[in-house]
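Student: Data file coords19.cif (mmCIF, C-alpha atoms and all ligand atoms) is appended below.
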```
data_input
loop_
_atom_site.group_PDB
_atom_site.id
_atom_site.type_symbol
_atom_site.label_atom_id
_atom_site.label_comp_id
_atom_site.auth_asym_id
_atom_site.auth_seq_id
_atom_site.Cartn_x
_atom_site.Cartn_y
_atom_site.Cartn_z
ATOM 1 C CA MET T 1 213.872 -15.433 106.973
ATOM 2 C CA CYS T 2 211.692 -15.225 110.038
ATOM 3 C CA ALA T 3 211.944 -15.753 113.778
ATOM 4 C CA ALA T 4 209.833 -15.947 116.912
ATOM 5 C CA ILE T 5 206.861 -17.735 115.372
ATOM 6 C CA HIS T 6 207.041 -19.173 118.859
ATOM 7 C CA GLY T 7 207.197 -15.894 120.767
ATOM 8 C CA ASP T 8 209.694 -17.066 123.398
ATOM 9 C CA GLU T 9 212.187 -18.468 120.875
ATOM 10 C CA ILE T 10 214.152 -15.256 120.576
ATOM 11 C CA ILE T 11 217.477 -16.574 119.343
ATOM 12 C CA GLY T 12 216.428 -15.949 115.730
ATOM 13 C CA VAL T 13 215.667 -12.310 116.550
ATOM 14 C CA GLU T 14 219.346 -11.844 117.377
ATOM 15 C CA ILE T 15 220.468 -13.864 114.350
ATOM 16 C CA ILE T 16 218.465 -11.594 112.041
ATOM 17 C CA ARG T 17 219.631 -8.410 113.799
ATOM 18 C CA ARG T 18 223.253 -9.430 113.446
ATOM 19 C CA LEU T 19 222.891 -10.566 109.859
ATOM 20 C CA LEU T 20 221.286 -7.299 108.732
ATOM 21 C CA LYS T 21 224.284 -5.358 110.114
ATOM 22 C CA LEU T 22 226.750 -7.131 107.841
ATOM 23 C CA LYS T 23 228.445 -4.983 105.197
ATOM 24 C CA ILE T 24 228.337 -7.903 102.799
ATOM 25 C CA LEU T 25 224.605 -7.246 102.313
ATOM 26 C CA ARG T 26 225.448 -4.085 100.377
ATOM 27 C CA HIS T 27 226.239 -6.423 97.503
ATOM 28 C CA LEU T 28 222.968 -8.297 97.837
ATOM 29 C CA ARG T 29 221.338 -9.621 94.686
ATOM 30 C CA GLY T 30 217.582 -10.052 94.945
ATOM 31 C CA THR T 31 215.545 -9.152 98.006
ATOM 32 C CA LEU T 32 215.998 -10.403 101.531
ATOM 33 C CA ILE T 33 212.773 -10.301 103.540
ATOM 34 C CA ALA T 34 213.527 -10.285 107.275
ATOM 35 C CA VAL T 35 210.762 -10.825 109.838
ATOM 36 C CA PRO T 36 212.517 -10.878 113.219
ATOM 37 C CA VAL T 37 209.333 -11.233 115.268
ATOM 38 C CA VAL T 38 206.357 -13.049 113.754
ATOM 39 C CA ASN T 39 204.493 -13.638 117.021
ATOM 40 C CA VAL T 40 204.794 -10.186 118.622
ATOM 41 C CA TYR T 41 202.198 -11.065 121.284
ATOM 42 C CA GLY T 42 204.198 -14.081 122.427
ATOM 43 C CA LEU T 43 207.477 -12.174 122.470
ATOM 44 C CA ILE T 44 206.031 -9.452 124.711
ATOM 45 C CA ASN T 45 204.533 -12.027 127.076
ATOM 46 C CA HIS T 46 207.582 -14.368 126.988
ATOM 47 C CA THR T 47 205.457 -17.205 125.684
ATOM 48 C CA ARG T 48 205.314 -19.567 122.744
ATOM 49 C CA TYR T 49 201.617 -18.974 122.190
ATOM 50 C CA LEU T 50 199.280 -16.237 121.021
ATOM 51 C CA PRO T 51 196.817 -14.553 123.384
ATOM 52 C CA ASP T 52 194.159 -17.057 122.264
ATOM 53 C CA ARG T 53 196.448 -19.802 123.630
ATOM 54 C CA ARG T 54 197.110 -21.232 120.197
ATOM 55 C CA ASP T 55 200.426 -22.325 118.704
ATOM 56 C CA LEU T 56 200.881 -20.366 115.460
ATOM 57 C CA ASN T 57 202.979 -23.150 113.965
ATOM 58 C CA ARG T 58 199.954 -25.468 113.960
ATOM 59 C CA PHE T 59 197.656 -23.033 112.136
ATOM 60 C CA PHE T 60 199.265 -22.487 108.747
ATOM 61 C CA PRO T 61 198.168 -21.619 106.110
ATOM 62 C CA GLY T 62 195.515 -19.972 108.286
ATOM 63 C CA SER T 63 192.389 -18.182 107.176
ATOM 64 C CA GLN T 64 191.156 -14.641 106.891
ATOM 65 C CA LYS T 65 188.105 -15.222 109.052
ATOM 66 C CA GLY T 66 189.453 -17.686 111.606
ATOM 67 C CA SER T 67 190.922 -17.180 115.081
ATOM 68 C CA LEU T 68 193.513 -14.492 115.824
ATOM 69 C CA THR T 69 196.223 -17.137 115.310
ATOM 70 C CA SER T 70 194.691 -18.284 112.052
ATOM 71 C CA ARG T 71 194.474 -14.694 110.779
ATOM 72 C CA LEU T 72 198.129 -14.032 111.597
ATOM 73 C CA ALA T 73 199.092 -17.202 109.713
ATOM 74 C CA ASP T 74 196.995 -16.018 106.754
ATOM 75 C CA ILE T 75 198.651 -12.582 106.720
ATOM 76 C CA PHE T 76 202.100 -14.161 106.887
ATOM 77 C CA MET T 77 201.315 -16.441 103.934
ATOM 78 C CA LYS T 78 199.949 -13.581 101.833
ATOM 79 C CA GLU T 79 202.430 -10.842 102.704
ATOM 80 C CA ILE T 80 205.632 -12.822 103.139
ATOM 81 C CA VAL T 81 205.481 -16.352 101.736
ATOM 82 C CA SER T 82 203.766 -15.459 98.461
ATOM 83 C CA ASN T 83 206.579 -12.956 97.808
ATOM 84 C CA SER T 84 209.333 -15.461 98.567
ATOM 85 C CA THR T 85 211.282 -18.033 96.594
ATOM 86 C CA HIS T 86 213.086 -19.630 99.565
ATOM 87 C CA GLY T 87 212.517 -19.623 103.321
ATOM 88 C CA ILE T 88 214.425 -20.059 106.585
ATOM 89 C CA ASP T 89 212.481 -20.251 109.855
ATOM 90 C CA LEU T 90 214.464 -19.821 113.091
ATOM 91 C CA HIS T 91 213.517 -21.727 116.263
ATOM 92 C CA ALA T 92 214.915 -22.737 119.666
ATOM 93 C CA GLY T 93 214.218 -25.497 122.185
ATOM 94 C CA SER T 94 210.972 -25.057 124.118
ATOM 95 C CA HIS T 95 209.769 -26.003 127.573
ATOM 96 C CA HIS T 96 213.189 -25.898 129.299
ATOM 97 C CA ARG T 97 214.930 -27.797 126.547
ATOM 98 C CA ILE T 98 218.109 -26.807 124.734
ATOM 99 C CA ASN T 99 218.944 -27.887 121.191
ATOM 100 C CA LEU T 100 222.172 -28.605 119.381
ATOM 101 C CA PRO T 101 222.188 -26.298 116.335
ATOM 102 C CA HIS T 102 220.671 -28.403 113.542
ATOM 103 C CA ILE T 103 218.521 -28.177 110.424
ATOM 104 C CA ARG T 104 215.091 -29.692 109.955
ATOM 105 C CA ALA T 105 214.092 -29.984 106.347
ATOM 106 C CA CYS T 106 212.221 -32.108 103.885
ATOM 107 C CA VAL T 107 215.293 -33.498 102.111
ATOM 108 C CA ASP T 108 213.079 -35.527 99.763
ATOM 109 C CA ASN T 109 212.729 -32.258 97.846
ATOM 110 C CA PRO T 110 216.094 -31.900 95.996
ATOM 111 C CA GLU T 111 216.059 -28.080 96.147
ATOM 112 C CA THR T 112 215.372 -28.118 99.899
ATOM 113 C CA GLU T 113 218.053 -30.767 100.315
ATOM 114 C CA LYS T 114 220.571 -28.529 98.542
ATOM 115 C CA LEU T 115 219.830 -25.658 100.927
ATOM 116 C CA ALA T 116 219.975 -27.949 103.964
ATOM 117 C CA TYR T 117 223.483 -29.083 103.050
ATOM 118 C CA ALA T 118 224.534 -25.550 102.173
ATOM 119 C CA PHE T 119 223.574 -24.249 105.630
ATOM 120 C CA GLY T 120 226.473 -26.227 107.083
ATOM 121 C CA ALA T 121 225.051 -27.430 110.405
ATOM 122 C CA PRO T 122 226.481 -30.932 110.959
ATOM 123 C CA VAL T 123 223.125 -32.580 111.704
ATOM 124 C CA ILE T 124 220.087 -32.576 109.401
ATOM 125 C CA LEU T 125 216.763 -34.105 110.403
ATOM 126 C CA ASN T 126 214.561 -35.161 107.516
ATOM 127 C CA ALA T 127 211.681 -34.007 109.643
ATOM 128 C CA ASP T 128 208.130 -34.960 108.820
ATOM 129 C CA LEU T 129 206.013 -32.028 107.815
ATOM 130 C CA ARG T 130 203.966 -31.333 110.886
ATOM 131 C CA ASP T 131 200.383 -30.572 110.140
ATOM 132 C CA GLY T 132 199.710 -26.838 110.219
ATOM 133 C CA SER T 133 203.355 -25.812 110.378
ATOM 134 C CA LEU T 134 204.739 -22.940 108.314
ATOM 135 C CA ARG T 135 207.153 -25.405 106.728
ATOM 136 C CA GLN T 136 204.309 -27.616 105.525
ATOM 137 C CA ALA T 137 202.357 -24.677 104.111
ATOM 138 C CA VAL T 138 205.438 -23.225 102.405
ATOM 139 C CA GLU T 139 206.601 -26.522 100.882
ATOM 140 C CA ALA T 140 203.020 -27.050 99.646
ATOM 141 C CA GLU T 141 203.472 -23.811 97.673
ATOM 142 C CA GLY T 142 206.548 -25.355 96.073
ATOM 143 C CA ILE T 143 208.939 -23.109 98.009
ATOM 144 C CA PRO T 144 211.948 -24.840 99.591
ATOM 145 C CA MET T 145 212.302 -24.060 103.268
ATOM 146 C CA LEU T 146 214.653 -24.813 106.137
ATOM 147 C CA LEU T 147 214.001 -24.756 109.838
ATOM 148 C CA TYR T 148 217.020 -23.938 112.022
ATOM 149 C CA GLU T 149 216.751 -25.219 115.598
ATOM 150 C CA ALA T 150 219.330 -23.999 118.101
ATOM 151 C CA GLY T 151 219.734 -23.059 121.726
ATOM 152 C CA GLU T 152 216.836 -22.565 124.108
ATOM 153 C CA ALA T 153 213.789 -20.369 124.514
ATOM 154 C CA LEU T 154 214.170 -16.993 126.283
ATOM 155 C CA ARG T 155 217.964 -17.105 126.050
ATOM 156 C CA PHE T 156 220.665 -16.082 123.641
ATOM 157 C CA ASP T 157 223.464 -18.513 122.908
ATOM 158 C CA GLU T 158 226.503 -17.050 121.191
ATOM 159 C CA PHE T 159 227.462 -20.273 119.453
ATOM 160 C CA ALA T 160 223.949 -20.876 118.133
ATOM 161 C CA VAL T 161 223.662 -17.265 116.946
ATOM 162 C CA ARG T 162 226.982 -17.335 115.105
ATOM 163 C CA ALA T 163 226.181 -20.696 113.496
ATOM 164 C CA GLY T 164 222.803 -19.318 112.407
ATOM 165 C CA VAL T 165 224.244 -16.189 110.791
ATOM 166 C CA LYS T 166 226.905 -18.228 109.008
ATOM 167 C CA GLY T 167 224.354 -20.761 107.797
ATOM 168 C CA ILE T 168 221.982 -18.172 106.361
ATOM 169 C CA LEU T 169 224.855 -16.460 104.515
ATOM 170 C CA ALA T 170 225.922 -19.809 103.078
ATOM 171 C CA VAL T 171 222.383 -20.472 101.836
ATOM 172 C CA MET T 172 222.213 -16.981 100.312
ATOM 173 C CA ARG T 173 225.451 -17.627 98.470
ATOM 174 C CA THR T 174 224.155 -20.982 97.213
ATOM 175 C CA ILE T 175 221.046 -19.416 95.680
ATOM 176 C CA GLY T 176 223.035 -16.559 94.133
ATOM 177 C CA MET T 177 222.063 -13.734 96.481
ATOM 178 C CA LEU T 178 225.700 -13.233 97.458
ATOM 179 C CA LYS T 179 228.756 -13.673 95.263
ATOM 180 C CA SER T 180 230.615 -16.947 95.776
ATOM 181 C CA GLY T 181 233.858 -15.321 96.840
ATOM 182 C CA THR T 182 232.285 -13.174 99.539
ATOM 183 C CA VAL T 183 231.312 -15.952 101.978
ATOM 184 C CA LYS T 184 233.882 -18.452 103.195
ATOM 185 C CA ARG T 185 232.914 -21.973 102.249
ATOM 186 C CA SER T 186 232.278 -24.316 105.186
ATOM 187 C CA ARG T 187 234.193 -27.579 105.404
ATOM 188 C CA ILE T 188 231.367 -29.223 107.345
ATOM 189 C CA GLN T 189 229.795 -32.229 105.651
ATOM 190 C CA PRO T 190 226.270 -32.324 107.114
ATOM 191 C CA ILE T 191 224.792 -35.773 107.709
ATOM 192 C CA VAL T 192 221.098 -36.670 107.611
ATOM 193 C CA ALA T 193 219.946 -38.600 110.686
ATOM 194 C CA LYS T 194 218.430 -42.063 110.190
ATOM 195 C CA SER T 195 215.920 -41.514 112.988
ATOM 196 C CA THR T 196 215.446 -39.577 116.208
ATOM 197 C CA SER T 197 213.942 -40.494 119.550
ATOM 198 C CA TRP T 198 213.457 -39.075 123.011
ATOM 199 C CA VAL T 199 214.696 -40.838 126.121
ATOM 200 C CA ARG T 200 211.927 -40.406 128.668
ATOM 201 C CA ALA T 201 212.041 -40.219 132.450
ATOM 202 C CA PRO T 202 211.546 -43.669 134.034
ATOM 203 C CA ALA T 203 210.374 -41.991 137.271
ATOM 204 C CA SER T 204 209.444 -38.615 138.715
ATOM 205 C CA GLY T 205 212.017 -36.681 140.746
ATOM 206 C CA ILE T 206 215.224 -34.689 140.433
ATOM 207 C CA LEU T 207 217.311 -35.375 137.369
ATOM 208 C CA ARG T 208 221.097 -35.345 137.235
ATOM 209 C CA THR T 209 222.546 -35.824 133.799
ATOM 210 C CA GLN T 210 226.067 -35.794 132.442
ATOM 211 C CA VAL T 211 225.514 -35.745 128.702
ATOM 212 C CA PRO T 212 226.539 -32.671 126.713
ATOM 213 C CA LEU T 213 224.860 -31.535 123.509
ATOM 214 C CA GLY T 214 226.606 -33.241 120.618
ATOM 215 C CA GLY T 215 227.772 -36.059 122.908
ATOM 216 C CA LYS T 216 227.947 -39.586 121.532
ATOM 217 C CA ILE T 217 225.670 -42.118 123.254
ATOM 218 C CA ALA T 218 225.899 -45.920 123.109
ATOM 219 C CA VAL T 219 222.981 -48.347 123.356
ATOM 220 C CA ASN T 220 222.076 -48.983 127.013
ATOM 221 C CA GLN T 221 224.369 -46.196 128.191
ATOM 222 C CA LYS T 222 223.390 -44.621 131.493
ATOM 223 C CA ILE T 223 222.771 -40.950 130.764
ATOM 224 C CA GLY T 224 221.533 -39.756 134.132
ATOM 225 C CA GLU T 225 219.854 -40.524 137.434
ATOM 226 C CA ILE T 226 216.533 -39.464 138.902
ATOM 227 C CA ALA T 227 216.095 -39.459 142.668
ATOM 228 C CA ASP T 228 214.136 -37.753 145.432
ATOM 229 C CA PRO T 229 215.684 -34.823 147.397
ATOM 230 C CA PHE T 230 217.291 -37.220 149.930
ATOM 231 C CA ASP T 231 218.862 -39.065 146.995
ATOM 232 C CA GLU T 232 216.887 -42.205 147.744
ATOM 233 C CA HIS T 233 214.912 -44.365 145.315
ATOM 234 C CA GLU T 234 217.349 -43.598 142.538
ATOM 235 C CA SER T 235 216.370 -44.611 138.993
ATOM 236 C CA ALA T 236 218.948 -44.800 136.230
ATOM 237 C CA VAL T 237 218.073 -43.153 132.927
ATOM 238 C CA ILE T 238 219.188 -45.542 130.195
ATOM 239 C CA SER T 239 219.303 -44.786 126.486
ATOM 240 C CA PRO T 240 217.690 -47.562 124.421
ATOM 241 C CA VAL T 241 219.358 -46.173 121.275
ATOM 242 C CA ALA T 242 222.807 -45.127 120.063
ATOM 243 C CA GLY T 243 223.427 -41.720 118.525
ATOM 244 C CA ILE T 244 224.208 -38.066 119.141
ATOM 245 C CA VAL T 245 222.514 -35.814 121.694
ATOM 246 C CA ILE T 246 220.657 -33.102 119.780
ATOM 247 C CA GLY T 247 218.406 -31.872 122.592
ATOM 248 C CA ARG T 248 218.417 -31.948 126.367
ATOM 249 C CA MET T 249 216.078 -31.079 129.219
ATOM 250 C CA ASP T 250 217.533 -28.168 131.199
ATOM 251 C CA LEU T 251 215.121 -28.267 134.120
ATOM 252 C CA PRO T 252 216.134 -30.925 136.664
ATOM 253 C CA LEU T 253 212.587 -31.360 138.025
ATOM 254 C CA VAL T 254 210.970 -34.097 135.968
ATOM 255 C CA HIS T 255 207.826 -36.187 135.879
ATOM 256 C CA ASN T 256 207.610 -39.824 134.925
ATOM 257 C CA GLY T 257 207.447 -39.944 131.123
ATOM 258 C CA ASP T 258 208.946 -36.493 130.477
ATOM 259 C CA ALA T 259 211.107 -36.228 127.376
ATOM 260 C CA LEU T 260 214.671 -35.772 128.699
ATOM 261 C CA ILE T 261 217.266 -36.355 126.018
ATOM 262 C CA HIS T 262 216.714 -36.135 122.261
ATOM 263 C CA ILE T 263 218.963 -38.503 120.359
ATOM 264 C CA ALA T 264 219.566 -38.621 116.613
ATOM 265 C CA SER T 265 220.782 -41.947 115.229
ATOM 266 C CA PHE T 266 223.146 -42.227 112.287
ATOM 267 C CA ASP T 267 224.750 -45.013 110.274
ATOM 268 C CA ASP T 268 228.108 -43.545 111.266
ATOM 269 C CA SER T 269 228.044 -41.692 114.600
ATOM 270 C CA VAL T 270 231.829 -41.306 114.550
ATOM 271 C CA ALA T 271 231.660 -39.249 111.345
ATOM 272 C CA VAL T 272 229.047 -36.983 112.949
ATOM 273 C CA SER T 273 231.210 -36.580 116.063
ATOM 274 C CA GLU T 274 234.163 -35.519 113.920
ATOM 275 C CA SER T 275 231.969 -33.158 111.962
ATOM 276 C CA LEU T 276 230.783 -31.614 115.241
ATOM 277 C CA ASP T 277 234.406 -31.082 116.296
ATOM 278 C CA ASP T 278 235.062 -29.242 113.018
ATOM 279 C CA PHE T 279 231.876 -27.262 113.549
ATOM 280 C CA ARG T 280 233.002 -26.125 117.033
ATOM 281 C CA GLU T 281 236.332 -25.084 115.605
ATOM 282 C CA GLU T 282 234.780 -23.287 112.648
ATOM 283 C CA ILE T 283 232.167 -21.364 114.646
ATOM 284 C CA GLY T 284 234.387 -20.846 117.684
ATOM 285 C CA GLY T 285 233.494 -20.984 121.354
ATOM 286 C CA SER T 286 231.616 -23.591 123.297
ATOM 287 C CA MET T 287 228.528 -25.237 121.835
ATOM 288 C CA SER T 288 226.487 -25.023 125.024
ATOM 289 C CA PRO T 289 227.032 -24.770 128.746
ATOM 290 C CA GLN T 290 228.061 -28.198 129.948
ATOM 291 C CA PRO T 291 225.632 -29.904 132.317
ATOM 292 C CA GLU T 292 226.469 -30.011 136.018
ATOM 293 C CA GLY T 293 226.296 -32.887 138.451
HETATM 294 ZN ZN ZN D 1 209.704 -23.222 117.814
#
```
Please render this file's structure as structure tokens.
Ligand SMILES: [Zn+2]
Tutor:
Amino acid sequence: MCAAIHGDEIIGVEIIRRLLKLKILRHLRGTLIAVPVVNVYGLINHTRYLPDRRDLNRFFPGSQKGSLTSRLADIFMKEIVSNSTHGIDLHAGSHHRINLPHIRACVDNPETEKLAYAFGAPVILNADLRDGSLRQAVEAEGIPMLLYEAGEALRFDEFAVRAGVKGILAVMRTIGMLKSGTVKRSRIQPIVAKSTSWVRAPASGILRTQVPLGGKIAVNQKIGEIADPFDEHESAVISPVAGIVIGRMDLPLVHNGDALIHIASFDDSVAVSESLDDFREEIGGSMSPQPEG
């Protein structure tokens, strides 16, 4: 398991810290490799990038003689990935965006699919393998890997941390690293999204939005307004799709075309809503601060 490939996405650092403290790990079978901070440079500078301004997650598998970023990717592949049988990469929303805890995985691979369901986050995105990502490089080696997305960059989020710890333990139990009886089985039935899309700003200005993470959205539903500081020239933000909010812009200052609300569409949104209710109950506490305005 690894975190902070994007140096400002620190939620996984806390997930790993908390997980390693658990007494249950005394009964560990196999080896758990924990890399709480992959991009140390980014973490120190509170940024996603490396000092050469590159995004590490676009440079895998890297090369020994390439840029600083490329060399770090190469070291990670050789030292960590080649010694692993399974992987979990921990991320958070970037650029002032907050994410509903969810799993991104290549569910076309049956072994990866099994892990994705085991993690127990209600929403799974069958995410395309982005060129140069760790996930792409790892899956190319035949190693199943999950990406956990939750919370926001530069912040901790208790709900997202707890859900992350629980999910990793559930995956470890599924692959036999922990005895079945030692981790409580989740009653969440994760559902794979049919598609996802971003609702973009129809104008520049100040955004007010009322949609919470996990909220159900109907087609053509108004999900916010954008106006100038005198509240004139108001533009309604309308969702062209139905689904569940899995990501949301936190910064109210937006430009025309900015990605504001990330919506995942499902065949049965009601089932996902119910699953999210169970998830809240199971993890405990509030999923995210509710938006104001
Ligand atoms: Zn990230």
Student: Evaluate the PyMOL selection byres (((not hetatm)) within 7 of (chain D and resi 1)) against this structure - the residues, as a PyMOL selection string, please.
Tutor: chain T and resi 5-6+9+91-94
Student: Neighbours of stretch 53-60 of chain T within 10 Å (only C-alpha atoms; same-chain residues fewer than 5 positions away dropped), as a ChimeraX atom specification?
Tutor: /T:5-7,38-39,42,47-48,66-74,76-77,130-138
Student: Can you tell me which residues surround stretch 187-193 of chain T at a distance of at most 8 Å, considering all atoms listed in the file, apart from same-chain residues fewer than 2 positions away, and format the answer as JSON, numbers by chain?
Tutor: {"T": [117, 120, 121, 122, 123, 124, 125, 126, 185, 195, 196, 264, 265, 266, 272, 275, 278, 279]}
Student: Starting from the PyMOL selection byres (((chain T and resi 157) around 12) and not hetatm), expand the selection into actual residues of this file and give them as a ChimeraX atom specification.
Tutor: /T:9-15,92-93,98-101,149-156,158-164,285-289
Student: Residues of stretch 20-111 of chain T that approach stretch 172-179 of chain T to 9 Å or less, counting only C-alpha atoms: could you list each one with the shortest pair of atoms and its distance in Å to one decimal, rows by chain and increasing residue number, as JSON lines?
Tutor:
```
{"residue": "T:Ile24", "atom": "CA", "partner": "T:Leu178", "partner_atom": "CA", "distance": 8.0}
{"residue": "T:Leu25", "atom": "CA", "partner": "T:Leu178", "partner_atom": "CA", "distance": 7.8}
{"residue": "T:His27", "atom": "CA", "partner": "T:Leu178", "partner_atom": "CA", "distance": 6.8}
{"residue": "T:Leu28", "atom": "CA", "partner": "T:Leu178", "partner_atom": "CA", "distance": 5.7}
{"residue": "T:Arg29", "atom": "CA", "partner": "T:Met177", "partner_atom": "CA", "distance": 4.5}
{"residue": "T:Gly30", "atom": "CA", "partner": "T:Met177", "partner_atom": "CA", "distance": 6.0}
{"residue": "T:Thr31", "atom": "CA", "partner": "T:Met177", "partner_atom": "CA", "distance": 8.1}
{"residue": "T:Leu32", "atom": "CA", "partner": "T:Met177", "partner_atom": "CA", "distance": 8.6}
{"residue": "T:His86", "atom": "CA", "partner": "T:Ile175", "partner_atom": "CA", "distance": 8.9}
```
Student: Between atom CA of T:Val199 and atom CA of T:Pro240, what is the distance in Å, rounded to a tenth?
Tutor: 7.6 Å
Student: In Å, rounded to a single decimal, give me how far atom CA of T:Gln221 is from atom CA of T:Val254.
Tutor: 19.7 Å
Student: Which one of T:Asp8, T:Asp52, T:Lys78, T:Leu90 sits closest to T:Gln64 if you count only C-alpha atoms?
Tutor: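 Looking at the shortest contact to T:Gln64, the residue is T:Lys78.
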Student: Rank T:Gly181, T:Gly205, T:Gly167, T:Gly243 by their smallest atom-to-atom distance to T:Ile283, using only C-alpha atoms, and report the top residue only.
Tutor: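 Checking each of T:Gly181, T:Gly205, T:Gly167, T:Gly243 against T:Ile283, counting only C-alpha atoms, the winner is T:Gly167.
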Student: When the PyMOL selection byres (((chain T and resi 207) around 12) and not hetatm) is applied to the structure above, which residues does it catch, written out as an NGL selection string?
Tutor: :T and (200-206 or 208-211 or 223-229 or 231 or 234-237 or 248-256 or 258-261 or 291-293)
Student: Enter the distance from atom CA of T:Lys166 to atom CA of T:Met1, in Å, rounded to one decimal.
Tutor: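 For atom CA of T:Lys166 relative to atom CA of T:Met1, the distance reads 13.5 Å.
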Student: Determine the nearest neighbour of T:Glu113 from the options T:Ile246, T:Ala218, T:Ala127, T:Ile33, counting all atoms listed in the file.
Tutor: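 So, comparing all the options, the nearest one is T:Ala127.
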Student: Of the residues T:Ile168, T:Ser197, T:Arg280, T:Glu139, which is the one nearest to T:Ile103, using all atoms listed in the file?
Tutor: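 Closest candidate: T:Ile168.
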Student: Counting only C-alpha atoms, which of T:Tyr41, T:Arg18, T:Leu129, T:Tyr148 gets nearest to T:Leu115?
Tutor: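 The shortest atom-to-atom distance to T:Leu115 comes from T:Tyr148.
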Student: Which one is closest to T:Leu50: T:Met145, T:Leu213, T:Ala4, T:Asp268? Count all atoms listed in the file.
Tutor: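 Looking at the shortest contact to T:Leu50, the residue is T:Ala4.
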